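Have a look at upload-v7.cif; it's mmCIF, C-alpha atoms; chains and numbers go by the auth columns:
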```cif
data_query
loop_
_atom_site.group_PDB
_atom_site.id
_atom_site.type_symbol
_atom_site.label_atom_id
_atom_site.label_comp_id
_atom_site.label_asym_id
_atom_site.label_seq_id
_atom_site.Cartn_x
_atom_site.Cartn_y
_atom_site.Cartn_z
_atom_site.B_iso_or_equiv
_atom_site.auth_seq_id
_atom_site.auth_asym_id
ATOM 1 C CA MET A 1 -25.585 5.710 23.911 0.00 1 F
ATOM 2 C CA ASN A 2 -22.746 4.364 26.006 0.00 2 F
ATOM 3 C CA TYR A 3 -21.034 6.375 28.725 0.00 3 F
ATOM 4 C CA GLY A 4 -17.813 5.750 30.608 0.00 4 F
ATOM 5 C CA MET A 5 -17.771 6.419 34.339 0.00 5 F
ATOM 6 C CA ILE A 6 -14.465 6.434 36.207 0.00 6 F
ATOM 7 C CA VAL A 7 -15.100 6.223 39.937 0.00 7 F
ATOM 8 C CA ALA A 8 -12.527 7.978 42.105 0.00 8 F
ATOM 9 C CA GLY A 9 -14.637 9.227 44.988 0.00 9 F
ATOM 10 C CA GLY A 10 -12.475 7.801 47.774 0.00 10 F
ATOM 11 C CA ILE A 11 -9.412 9.199 49.521 0.00 11 F
ATOM 12 C CA GLY A 12 -7.490 5.922 49.930 0.00 12 F
ATOM 13 C CA LYS A 13 -7.422 5.466 53.718 0.00 13 F
ATOM 14 C CA ARG A 14 -5.890 1.982 53.449 0.00 14 F
ATOM 15 C CA PHE A 15 -3.092 3.299 51.238 0.00 15 F
ATOM 16 C CA GLY A 16 -2.054 6.036 53.656 0.00 16 F
ATOM 17 C CA GLY A 17 -0.278 9.301 52.889 0.00 17 F
ATOM 18 C CA ASN A 18 -1.679 12.714 52.070 0.00 18 F
ATOM 19 C CA THR A 19 -2.272 12.222 48.341 0.00 19 F
ATOM 20 C CA PRO A 20 -5.238 10.099 47.205 0.00 20 F
ATOM 21 C CA LYS A 21 -3.773 7.052 45.440 0.00 21 F
ATOM 22 C CA GLN A 22 -5.547 7.834 42.146 0.00 22 F
ATOM 23 C CA PHE A 23 -3.346 10.938 41.829 0.00 23 F
ATOM 24 C CA LEU A 24 -0.014 9.228 42.502 0.00 24 F
ATOM 25 C CA LEU A 25 2.381 9.002 39.561 0.00 25 F
ATOM 26 C CA LEU A 26 2.736 5.719 37.718 0.00 26 F
ATOM 27 C CA ASP A 27 5.405 5.887 35.015 0.00 27 F
ATOM 28 C CA GLY A 28 5.273 9.675 35.351 0.00 28 F
ATOM 29 C CA ILE A 29 1.499 9.880 34.819 0.00 29 F
ATOM 30 C CA PRO A 30 -1.223 9.981 37.516 0.00 30 F
ATOM 31 C CA VAL A 31 -2.797 6.558 38.022 0.00 31 F
ATOM 32 C CA ILE A 32 -6.244 7.866 37.104 0.00 32 F
ATOM 33 C CA ILE A 33 -5.021 9.307 33.796 0.00 33 F
ATOM 34 C CA HIS A 34 -4.050 5.805 32.641 0.00 34 F
ATOM 35 C CA SER A 35 -7.727 4.832 32.983 0.00 35 F
ATOM 36 C CA VAL A 36 -8.938 8.049 31.368 0.00 36 F
ATOM 37 C CA LYS A 37 -6.743 7.499 28.313 0.00 37 F
ATOM 38 C CA THR A 38 -7.998 3.935 27.867 0.00 38 F
ATOM 39 C CA PHE A 39 -11.612 5.085 28.046 0.00 39 F
ATOM 40 C CA LEU A 40 -10.964 7.793 25.482 0.00 40 F
ATOM 41 C CA SER A 41 -9.355 5.285 23.150 0.00 41 F
ATOM 42 C CA SER A 42 -12.551 3.215 23.103 0.00 42 F
ATOM 43 C CA SER A 43 -14.699 3.899 20.049 0.00 43 F
ATOM 44 C CA GLY A 44 -17.765 2.518 21.843 0.00 44 F
ATOM 45 C CA LEU A 45 -18.120 5.371 24.343 0.00 45 F
ATOM 46 C CA THR A 46 -19.807 8.698 23.638 0.00 46 F
ATOM 47 C CA GLU A 47 -18.659 10.551 26.769 0.00 47 F
ATOM 48 C CA THR A 48 -16.731 9.749 29.938 0.00 48 F
ATOM 49 C CA VAL A 49 -17.498 11.152 33.389 0.00 49 F
ATOM 50 C CA VAL A 50 -14.789 11.183 36.057 0.00 50 F
ATOM 51 C CA LEU A 51 -16.037 11.365 39.646 0.00 51 F
ATOM 52 C CA VAL A 52 -13.612 12.556 42.313 0.00 52 F
ATOM 53 C CA PRO A 53 -13.829 13.932 45.874 0.00 53 F
ATOM 54 C CA GLY A 54 -15.461 17.369 45.804 0.00 54 F
ATOM 55 C CA ASP A 55 -12.309 19.217 46.803 0.00 55 F
ATOM 56 C CA HIS A 56 -10.353 17.587 43.961 0.00 56 F
ATOM 57 C CA VAL A 57 -12.626 18.512 41.045 0.00 57 F
ATOM 58 C CA ASP A 58 -10.500 21.470 39.929 0.00 58 F
ATOM 59 C CA HIS A 59 -7.317 19.439 40.345 0.00 59 F
ATOM 60 C CA MET A 60 -8.744 16.646 38.177 0.00 60 F
ATOM 61 C CA LYS A 61 -9.695 19.134 35.469 0.00 61 F
ATOM 62 C CA GLU A 62 -6.169 20.501 35.569 0.00 62 F
ATOM 63 C CA LEU A 63 -4.697 16.991 35.205 0.00 63 F
ATOM 64 C CA ILE A 64 -6.866 16.306 32.163 0.00 64 F
ATOM 65 C CA GLY A 65 -5.751 19.593 30.628 0.00 65 F
ATOM 66 C CA ARG A 66 -2.115 18.674 31.260 0.00 66 F
ATOM 67 C CA TYR A 67 -2.014 15.001 30.261 0.00 67 F
ATOM 68 C CA VAL A 68 -4.887 14.579 27.811 0.00 68 F
ATOM 69 C CA LYS A 69 -4.448 16.481 24.571 0.00 69 F
ATOM 70 C CA GLU A 70 -7.293 17.635 22.326 0.00 70 F
ATOM 71 C CA SER A 71 -6.282 14.965 19.832 0.00 71 F
ATOM 72 C CA ASP A 72 -7.001 12.426 22.576 0.00 72 F
ATOM 73 C CA LYS A 73 -10.612 13.659 22.832 0.00 73 F
ATOM 74 C CA ALA A 74 -10.133 15.720 25.995 0.00 74 F
ATOM 75 C CA SER A 75 -13.448 17.415 25.222 0.00 75 F
ATOM 76 C CA LYS A 76 -15.145 14.040 25.740 0.00 76 F
ATOM 77 C CA VAL A 77 -14.398 14.086 29.487 0.00 77 F
ATOM 78 C CA ASP A 78 -16.550 15.624 32.206 0.00 78 F
ATOM 79 C CA VAL A 79 -15.494 15.908 35.851 0.00 79 F
ATOM 80 C CA CYS A 80 -17.867 16.111 38.795 0.00 80 F
ATOM 81 C CA ALA A 81 -17.945 15.414 42.533 0.00 81 F
ATOM 82 C CA GLY A 82 -18.619 11.921 43.845 0.00 82 F
ATOM 83 C CA GLY A 83 -20.849 10.924 46.732 0.00 83 F
ATOM 84 C CA ALA A 84 -20.631 9.389 50.191 0.00 84 F
ATOM 85 C CA ASP A 85 -19.848 5.851 48.954 0.00 85 F
ATOM 86 C CA ARG A 86 -19.417 3.915 45.720 0.00 86 F
ATOM 87 C CA ASN A 87 -23.058 3.543 44.731 0.00 87 F
ATOM 88 C CA ASP A 88 -23.878 7.095 45.795 0.00 88 F
ATOM 89 C CA THR A 89 -20.968 8.284 43.649 0.00 89 F
ATOM 90 C CA ILE A 90 -22.366 6.368 40.679 0.00 90 F
ATOM 91 C CA MET A 91 -25.758 7.990 41.314 0.00 91 F
ATOM 92 C CA HIS A 92 -24.062 11.413 41.195 0.00 92 F
ATOM 93 C CA GLY A 93 -22.609 10.480 37.829 0.00 93 F
ATOM 94 C CA LEU A 94 -25.926 9.202 36.498 0.00 94 F
ATOM 95 C CA ARG A 95 -27.751 12.369 37.549 0.00 95 F
ATOM 96 C CA PHE A 96 -25.029 14.417 35.839 0.00 96 F
ATOM 97 C CA ILE A 97 -25.407 12.414 32.614 0.00 97 F
ATOM 98 C CA GLU A 98 -29.195 12.587 32.791 0.00 98 F
ATOM 99 C CA GLN A 99 -29.143 16.361 33.226 0.00 99 F
ATOM 100 C CA LYS A 100 -26.509 17.099 30.572 0.00 100 F
ATOM 101 C CA TYR A 101 -27.213 14.484 27.912 0.00 101 F
ATOM 102 C CA GLY A 102 -30.443 12.735 28.860 0.00 102 F
ATOM 103 C CA LEU A 103 -30.529 9.077 29.856 0.00 103 F
ATOM 104 C CA GLY A 104 -32.485 6.534 27.826 0.00 104 F
ATOM 105 C CA ASN A 105 -33.695 3.111 28.942 0.00 105 F
ATOM 106 C CA ASP A 106 -31.059 1.337 26.865 0.00 106 F
ATOM 107 C CA ASP A 107 -28.109 3.639 27.587 0.00 107 F
ATOM 108 C CA ILE A 108 -25.145 1.703 28.986 0.00 108 F
ATOM 109 C CA ILE A 109 -22.776 2.865 31.723 0.00 109 F
ATOM 110 C CA VAL A 110 -19.282 1.374 31.876 0.00 110 F
ATOM 111 C CA SER A 111 -18.107 2.023 35.440 0.00 111 F
ATOM 112 C CA HIS A 112 -14.496 1.473 36.428 0.00 112 F
ATOM 113 C CA ASP A 113 -12.248 1.927 39.462 0.00 113 F
ATOM 114 C CA SER A 114 -9.847 4.789 38.874 0.00 114 F
ATOM 115 C CA VAL A 115 -7.090 2.797 40.585 0.00 115 F
ATOM 116 C CA ARG A 116 -7.214 -0.086 38.100 0.00 116 F
ATOM 117 C CA PRO A 117 -4.890 1.441 35.487 0.00 117 F
ATOM 118 C CA PHE A 118 -4.546 -1.624 33.216 0.00 118 F
ATOM 119 C CA LEU A 119 -8.040 -1.851 31.791 0.00 119 F
ATOM 120 C CA SER A 120 -8.093 -2.728 28.091 0.00 120 F
ATOM 121 C CA SER A 121 -10.248 -1.303 25.293 0.00 121 F
ATOM 122 C CA ASP A 122 -11.305 -4.857 24.415 0.00 122 F
ATOM 123 C CA MET A 123 -12.675 -5.303 27.922 0.00 123 F
ATOM 124 C CA ILE A 124 -14.737 -2.120 27.516 0.00 124 F
ATOM 125 C CA SER A 125 -16.150 -3.301 24.184 0.00 125 F
ATOM 126 C CA GLU A 126 -16.996 -6.740 25.528 0.00 126 F
ATOM 127 C CA SER A 127 -18.682 -5.308 28.627 0.00 127 F
ATOM 128 C CA ILE A 128 -20.856 -2.969 26.537 0.00 128 F
ATOM 129 C CA GLU A 129 -21.992 -5.867 24.372 0.00 129 F
ATOM 130 C CA CYS A 130 -22.770 -8.008 27.422 0.00 130 F
ATOM 131 C CA ALA A 131 -24.637 -5.243 29.285 0.00 131 F
ATOM 132 C CA CYS A 132 -26.763 -4.525 26.219 0.00 132 F
ATOM 133 C CA LYS A 133 -27.846 -8.159 26.224 0.00 133 F
ATOM 134 C CA TYR A 134 -28.178 -8.871 29.954 0.00 134 F
ATOM 135 C CA SER A 135 -28.540 -5.384 31.577 0.00 135 F
ATOM 136 C CA ILE A 136 -25.613 -5.909 33.993 0.00 136 F
ATOM 137 C CA CYS A 137 -22.181 -7.529 33.777 0.00 137 F
ATOM 138 C CA THR A 138 -18.879 -7.447 35.610 0.00 138 F
ATOM 139 C CA ALA A 139 -15.307 -8.410 34.879 0.00 139 F
ATOM 140 C CA ALA A 140 -14.176 -11.345 37.022 0.00 140 F
ATOM 141 C CA PHE A 141 -11.818 -14.310 36.953 0.00 141 F
ATOM 142 C CA PRO A 142 -11.645 -17.615 38.842 0.00 142 F
ATOM 143 C CA ALA A 143 -10.157 -17.356 42.323 0.00 143 F
ATOM 144 C CA VAL A 144 -6.725 -18.927 42.671 0.00 144 F
ATOM 145 C CA ASP A 145 -6.700 -18.836 46.474 0.00 145 F
ATOM 146 C CA THR A 146 -8.995 -20.687 48.834 0.00 146 F
ATOM 147 C CA ILE A 147 -11.703 -18.318 50.113 0.00 147 F
ATOM 148 C CA ALA A 148 -12.938 -18.719 53.692 0.00 148 F
ATOM 149 C CA VAL A 149 -16.055 -17.240 55.272 0.00 149 F
ATOM 150 C CA SER A 150 -15.705 -15.760 58.764 0.00 150 F
ATOM 151 C CA SER A 151 -18.501 -13.886 60.509 0.00 151 F
ATOM 152 C CA ASP A 152 -16.344 -12.686 63.410 0.00 152 F
ATOM 153 C CA GLY A 153 -12.920 -12.270 61.814 0.00 153 F
ATOM 154 C CA ARG A 154 -11.371 -14.796 64.217 0.00 154 F
ATOM 155 C CA THR A 155 -12.666 -18.217 63.212 0.00 155 F
ATOM 156 C CA ILE A 156 -13.634 -19.767 59.892 0.00 156 F
ATOM 157 C CA ASP A 157 -17.312 -20.564 59.443 0.00 157 F
ATOM 158 C CA SER A 158 -17.059 -22.293 56.094 0.00 158 F
ATOM 159 C CA VAL A 159 -14.861 -22.794 53.046 0.00 159 F
ATOM 160 C CA PRO A 160 -16.853 -22.659 49.785 0.00 160 F
ATOM 161 C CA PRO A 161 -15.581 -24.775 46.883 0.00 161 F
ATOM 162 C CA ARG A 162 -12.892 -22.775 45.149 0.00 162 F
ATOM 163 C CA SER A 163 -14.261 -23.837 41.767 0.00 163 F
ATOM 164 C CA THR A 164 -17.320 -21.640 42.400 0.00 164 F
ATOM 165 C CA MET A 165 -15.376 -18.588 43.614 0.00 165 F
ATOM 166 C CA TYR A 166 -14.561 -15.607 41.375 0.00 166 F
ATOM 167 C CA GLN A 167 -12.590 -12.445 42.035 0.00 167 F
ATOM 168 C CA VAL A 168 -14.662 -9.487 40.897 0.00 168 F
ATOM 169 C CA GLN A 169 -13.026 -6.541 39.145 0.00 169 F
ATOM 170 C CA THR A 170 -14.235 -3.608 37.140 0.00 170 F
ATOM 171 C CA PRO A 171 -15.492 -2.587 34.641 0.00 171 F
ATOM 172 C CA GLN A 172 -19.022 -3.197 35.825 0.00 172 F
ATOM 173 C CA SER A 173 -21.378 -2.219 33.023 0.00 173 F
ATOM 174 C CA PHE A 174 -25.122 -1.767 33.254 0.00 174 F
ATOM 175 C CA LYS A 175 -28.229 -0.020 32.003 0.00 175 F
ATOM 176 C CA GLY A 176 -28.039 3.313 33.784 0.00 176 F
ATOM 177 C CA LYS A 177 -31.722 4.108 34.073 0.00 177 F
ATOM 178 C CA MET A 178 -32.465 0.641 35.448 0.00 178 F
ATOM 179 C CA PHE A 179 -29.789 1.080 38.121 0.00 179 F
ATOM 180 C CA MET A 180 -31.236 4.445 39.169 0.00 180 F
ATOM 181 C CA GLU A 181 -34.699 2.955 39.594 0.00 181 F
ATOM 182 C CA LEU A 182 -33.398 -0.017 41.575 0.00 182 F
ATOM 183 C CA TYR A 183 -31.172 2.103 43.812 0.00 183 F
ATOM 184 C CA GLU A 184 -33.880 4.640 44.549 0.00 184 F
ATOM 185 C CA GLY A 185 -36.120 1.754 45.651 0.00 185 F
ATOM 186 C CA LEU A 186 -33.677 0.621 48.353 0.00 186 F
ATOM 187 C CA SER A 187 -34.077 1.507 52.030 0.00 187 F
ATOM 188 C CA ASP A 188 -31.309 3.438 53.815 0.00 188 F
ATOM 189 C CA GLU A 189 -30.243 0.204 55.529 0.00 189 F
ATOM 190 C CA GLU A 190 -30.056 -1.655 52.230 0.00 190 F
ATOM 191 C CA ARG A 191 -27.987 1.120 50.675 0.00 191 F
ATOM 192 C CA LEU A 192 -25.462 0.811 53.502 0.00 192 F
ATOM 193 C CA ALA A 193 -25.273 -2.971 53.155 0.00 193 F
ATOM 194 C CA ILE A 194 -24.999 -3.162 49.347 0.00 194 F
ATOM 195 C CA THR A 195 -21.580 -1.927 48.309 0.00 195 F
ATOM 196 C CA ASP A 196 -21.465 -2.115 44.516 0.00 196 F
ATOM 197 C CA VAL A 197 -23.506 -2.146 41.313 0.00 197 F
ATOM 198 C CA THR A 198 -23.785 -5.925 41.061 0.00 198 F
ATOM 199 C CA GLY A 199 -25.229 -6.041 44.575 0.00 199 F
ATOM 200 C CA VAL A 200 -28.005 -3.610 43.648 0.00 200 F
ATOM 201 C CA PHE A 201 -29.053 -5.743 40.668 0.00 201 F
ATOM 202 C CA SER A 202 -28.661 -8.994 42.610 0.00 202 F
ATOM 203 C CA HIS A 203 -30.905 -7.662 45.381 0.00 203 F
ATOM 204 C CA ALA A 204 -33.609 -7.216 42.739 0.00 204 F
ATOM 205 C CA GLY A 205 -33.107 -10.774 41.478 0.00 205 F
ATOM 206 C CA ILE A 206 -31.187 -9.756 38.346 0.00 206 F
ATOM 207 C CA PRO A 207 -27.986 -11.795 37.936 0.00 207 F
ATOM 208 C CA SER A 208 -24.767 -10.164 36.806 0.00 208 F
ATOM 209 C CA HIS A 209 -23.109 -11.871 33.862 0.00 209 F
ATOM 210 C CA ILE A 210 -19.345 -12.331 33.819 0.00 210 F
ATOM 211 C CA ILE A 211 -16.901 -11.130 31.203 0.00 211 F
ATOM 212 C CA PRO A 212 -13.297 -12.377 31.493 0.00 212 F
ATOM 213 C CA GLY A 213 -11.194 -10.223 33.768 0.00 213 F
ATOM 214 C CA SER A 214 -7.407 -10.015 33.712 0.00 214 F
ATOM 215 C CA ARG A 215 -4.800 -10.711 36.352 0.00 215 F
ATOM 216 C CA GLU A 216 -3.033 -7.545 35.175 0.00 216 F
ATOM 217 C CA ASN A 217 -6.165 -5.513 35.923 0.00 217 F
ATOM 218 C CA ILE A 218 -5.004 -5.002 39.507 0.00 218 F
ATOM 219 C CA LYS A 219 -6.481 -2.564 41.984 0.00 219 F
ATOM 220 C CA ILE A 220 -3.947 -0.300 43.671 0.00 220 F
ATOM 221 C CA THR A 221 -4.900 -0.491 47.335 0.00 221 F
ATOM 222 C CA TYR A 222 -1.627 -0.640 49.279 0.00 222 F
ATOM 223 C CA PRO A 223 1.798 0.973 48.648 0.00 223 F
ATOM 224 C CA SER A 224 3.255 -2.385 47.521 0.00 224 F
ATOM 225 C CA ASP A 225 0.684 -2.441 44.713 0.00 225 F
ATOM 226 C CA MET A 226 2.482 0.505 43.104 0.00 226 F
ATOM 227 C CA ASP A 227 5.604 -1.673 42.825 0.00 227 F
ATOM 228 C CA ILE A 228 3.540 -4.402 41.152 0.00 228 F
ATOM 229 C CA ALA A 229 2.024 -1.850 38.769 0.00 229 F
ATOM 230 C CA GLU A 230 5.465 -0.557 37.819 0.00 230 F
ATOM 231 C CA ALA A 231 6.566 -4.123 37.111 0.00 231 F
ATOM 232 C CA ILE A 232 3.519 -4.727 34.896 0.00 232 F
ATOM 233 C CA LEU A 233 4.298 -1.559 32.939 0.00 233 F
ATOM 234 C CA LYS A 234 7.923 -2.594 32.544 0.00 234 F
ATOM 235 C CA ASN A 235 6.883 -6.002 31.162 0.00 235 F
ATOM 236 C CA LYS A 236 4.476 -4.360 28.736 0.00 236 F
#
```

Transcribe the structure of this file into C-alpha cells.
Amino acid sequence: MNYGMIVAGGIGKRFGGNTPKQFLLLDGIPVIIHSVKTFLSSSGLTETVVLVPGDHVDHMKELIGRYVKESDKASKVDVCAGGADRNDTIMHGLRFIEQKYGLGNDDIIVSHDSVRPFLSSDMISESIECACKYSICTAAFPAVDTIAVSSDGRTIDSVPPRSTMYQVQTPQSFKGKMFMELYEGLSDEERLAITDVTGVFSHAGIPSHIIPGSRENIKITYPSDMDIAEAILKNK
C-alpha cells in the first residue's frame, strides 16, 4: 500500500511570529490544508498521516474537521505528534502506520513538507511509481543560481559546476520499512548529521532517483514567501 505523510513537526523559527507557518492562512485556508487536500485527491494513496508538534495535534484535528469535508475523504487522514527533527518525525509516522495498519516491505511512503502548498497529484503519482522501482526518490530541479561551498560561512571553498547542481524539494518517496531499518542502524552522531530521507539512503549507498520538481512548489520559509504564494495562487 501507499501512504501519504505530511511533515509539519517544526515551529518555524526562521519565519518568526507566534503561529507556526503551516497554520497561517493562504487564500483563507491554512497552508497545511492545501497539502492535505492534494494528498486526499490522489487515488494512489490509501491513508495520509499528518505529523505536527505535540501541542498542536488537537488543533490540527479541528482544522481537518473544519476544512476537509467527508466527501473529501476526511476519514482517510490521521494526525499524530512529530519528533525532535525531520527524520525522527518521519519515524514517528512510520511507527504509527506500522501499529495501525501494518507495514510491508514494499509499502511506499510519500513524505512532503507541510509548507509546500503547491504539490500536484501528478507529482505524487510519479513519485510512487519511481519509489516502487528504485526504493527512494525525490523531487528536484536544476539549480538556476551558482552554488558555492563554504566551510566557515565567510569565504568560498569551491564552486561546483552549476550543471551538476539540483535544488531538492519534496515529495520524497521511499519504501517505509527499508527506511526504518536504515535509520535504526545509524549512530546518534549520524542521526544528527543526516537531515533528510535521501541522506539516510545515501549513507547506505542507495542513490535517490530524481522526479521533476516544479518552480511553483515553493517552501514557505520567510514572511515574503507568503506574498509569493499568494501571487502563485492568483496566477492559477

Each residue of stretch 124-143 of chain F lying at most 12 Å from stretch 2-7 of chain F should get a row with its shortest atom-to-atom pair and the distance in Å to one decimal, counting only C-alpha atoms; could you produce that, ordered by chain and increasing number, as a tab-separated table?
```
residue	atom	partner	partner_atom	distance
F:Ile124	CA	F:Gly4	CA	9.0
F:Ser125	CA	F:Asn2	CA	10.3
F:Ser127	CA	F:Asn2	CA	10.8
F:Ile128	CA	F:Asn2	CA	7.6
F:Glu129	CA	F:Asn2	CA	10.4
F:Ala131	CA	F:Asn2	CA	10.3
F:Cys132	CA	F:Asn2	CA	9.8
```

Written file, previous selection with C-alpha atoms, as a compact mmCIF listing (two decimals), in the coordinates of the input:
```txt
# COMPACT_ATOMS: atom_id res chain seq x y z
CA ILE F 124 -14.74 -2.12 27.52
CA SER F 125 -16.15 -3.30 24.18
CA SER F 127 -18.68 -5.31 28.63
CA ILE F 128 -20.86 -2.97 26.54
CA GLU F 129 -21.99 -5.87 24.37
CA ALA F 131 -24.64 -5.24 29.28
CA CYS F 132 -26.76 -4.53 26.22
```

Hits from the PyMOL selection byres ((chain F and resi 181-193) around 9), listed as a PyMOL selection string:
chain F and resi 85+87-88+91+176-180+194-195+200-201+203-204

Could you tell me which of F:Asp55, F:Thr48, F:Gln99, F:Ile109 comes closest to F:Ser75 if we count only C-alpha atoms?
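The closest residue to F:Ser75 is F:Thr48.
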
Quick one: residues within 12 Å of F:Glu216, only C-alpha atoms counted, chain neighbours fewer than 3 positions away excluded, as number ranges by chain?
F: 116-120, 140-141, 169, 212-213, 219-220, 225, 228-233, 235-236

Work out how far atom CA of F:Ser42 is from atom CA of F:Gly54, in Å to one decimal.
26.9 Å

Considering only C-alpha atoms, can you say which of F:Ile147, F:Leu103, F:Cys130, F:Val168 comes closest to F:His209?
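Of all the options, F:Cys130 lies closest to F:His209.
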
Which residues would end up in the selection if the PyMOL selection byres ((chain F and resi 61) around 10) were applied here, given that I need the answer as a VMD selection string?
chain F and resid 50 56 to 60 62 to 66 77 to 80

Just the number, please: distance in Å from atom CA of F:Val52 to atom CA of F:Tyr222, one decimal.
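Between atom CA of F:Val52 and atom CA of F:Tyr222 the gap works out to 19.1 Å.
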
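Against the coordinates shown, the PyMOL selection byres ((chain F and resi 142) around 8) returns Ala140, Phe141, Ala143, Val144, Ser163, Thr164, Met165, Tyr166 and Gln167 of chain F.
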
Restricted to N, CA and C atoms, what does stretch 113-124 of chain F look like when written out as a compact mmCIF listing (two decimals), in the first residue's frame?
```
# COMPACT_ATOMS: atom_id res chain seq x y z
N ASP F 113 6.72 18.22 2.75
CA ASP F 113 6.73 19.37 3.66
C ASP F 113 5.35 20.01 3.69
N SER F 114 4.85 20.24 4.88
CA SER F 114 3.53 20.85 5.01
C SER F 114 3.48 22.27 4.47
N VAL F 115 4.66 22.91 4.38
CA VAL F 115 4.69 24.31 3.93
C VAL F 115 5.09 24.43 2.46
N ARG F 116 4.85 23.36 1.70
CA ARG F 116 4.93 23.41 0.24
C ARG F 116 3.50 23.18 -0.27
N PRO F 117 2.70 24.23 -0.36
CA PRO F 117 1.27 24.05 -0.63
C PRO F 117 0.91 23.78 -2.09
N PHE F 118 1.89 23.80 -3.01
CA PHE F 118 1.55 23.68 -4.44
C PHE F 118 1.99 22.36 -5.05
N LEU F 119 2.05 21.34 -4.24
CA LEU F 119 2.27 19.99 -4.74
C LEU F 119 1.14 19.59 -5.68
N SER F 120 1.46 18.80 -6.71
CA SER F 120 0.43 18.34 -7.63
C SER F 120 0.18 16.84 -7.46
N SER F 121 -1.02 16.41 -7.81
CA SER F 121 -1.35 14.97 -7.76
C SER F 121 -0.47 14.18 -8.72
N ASP F 122 -0.13 14.77 -9.87
CA ASP F 122 0.75 14.08 -10.82
C ASP F 122 2.11 13.80 -10.20
N MET F 123 2.61 14.74 -9.41
CA MET F 123 3.90 14.56 -8.77
C MET F 123 3.84 13.40 -7.77
N ILE F 124 2.73 13.27 -7.07
CA ILE F 124 2.54 12.16 -6.13
C ILE F 124 2.55 10.84 -6.88
```
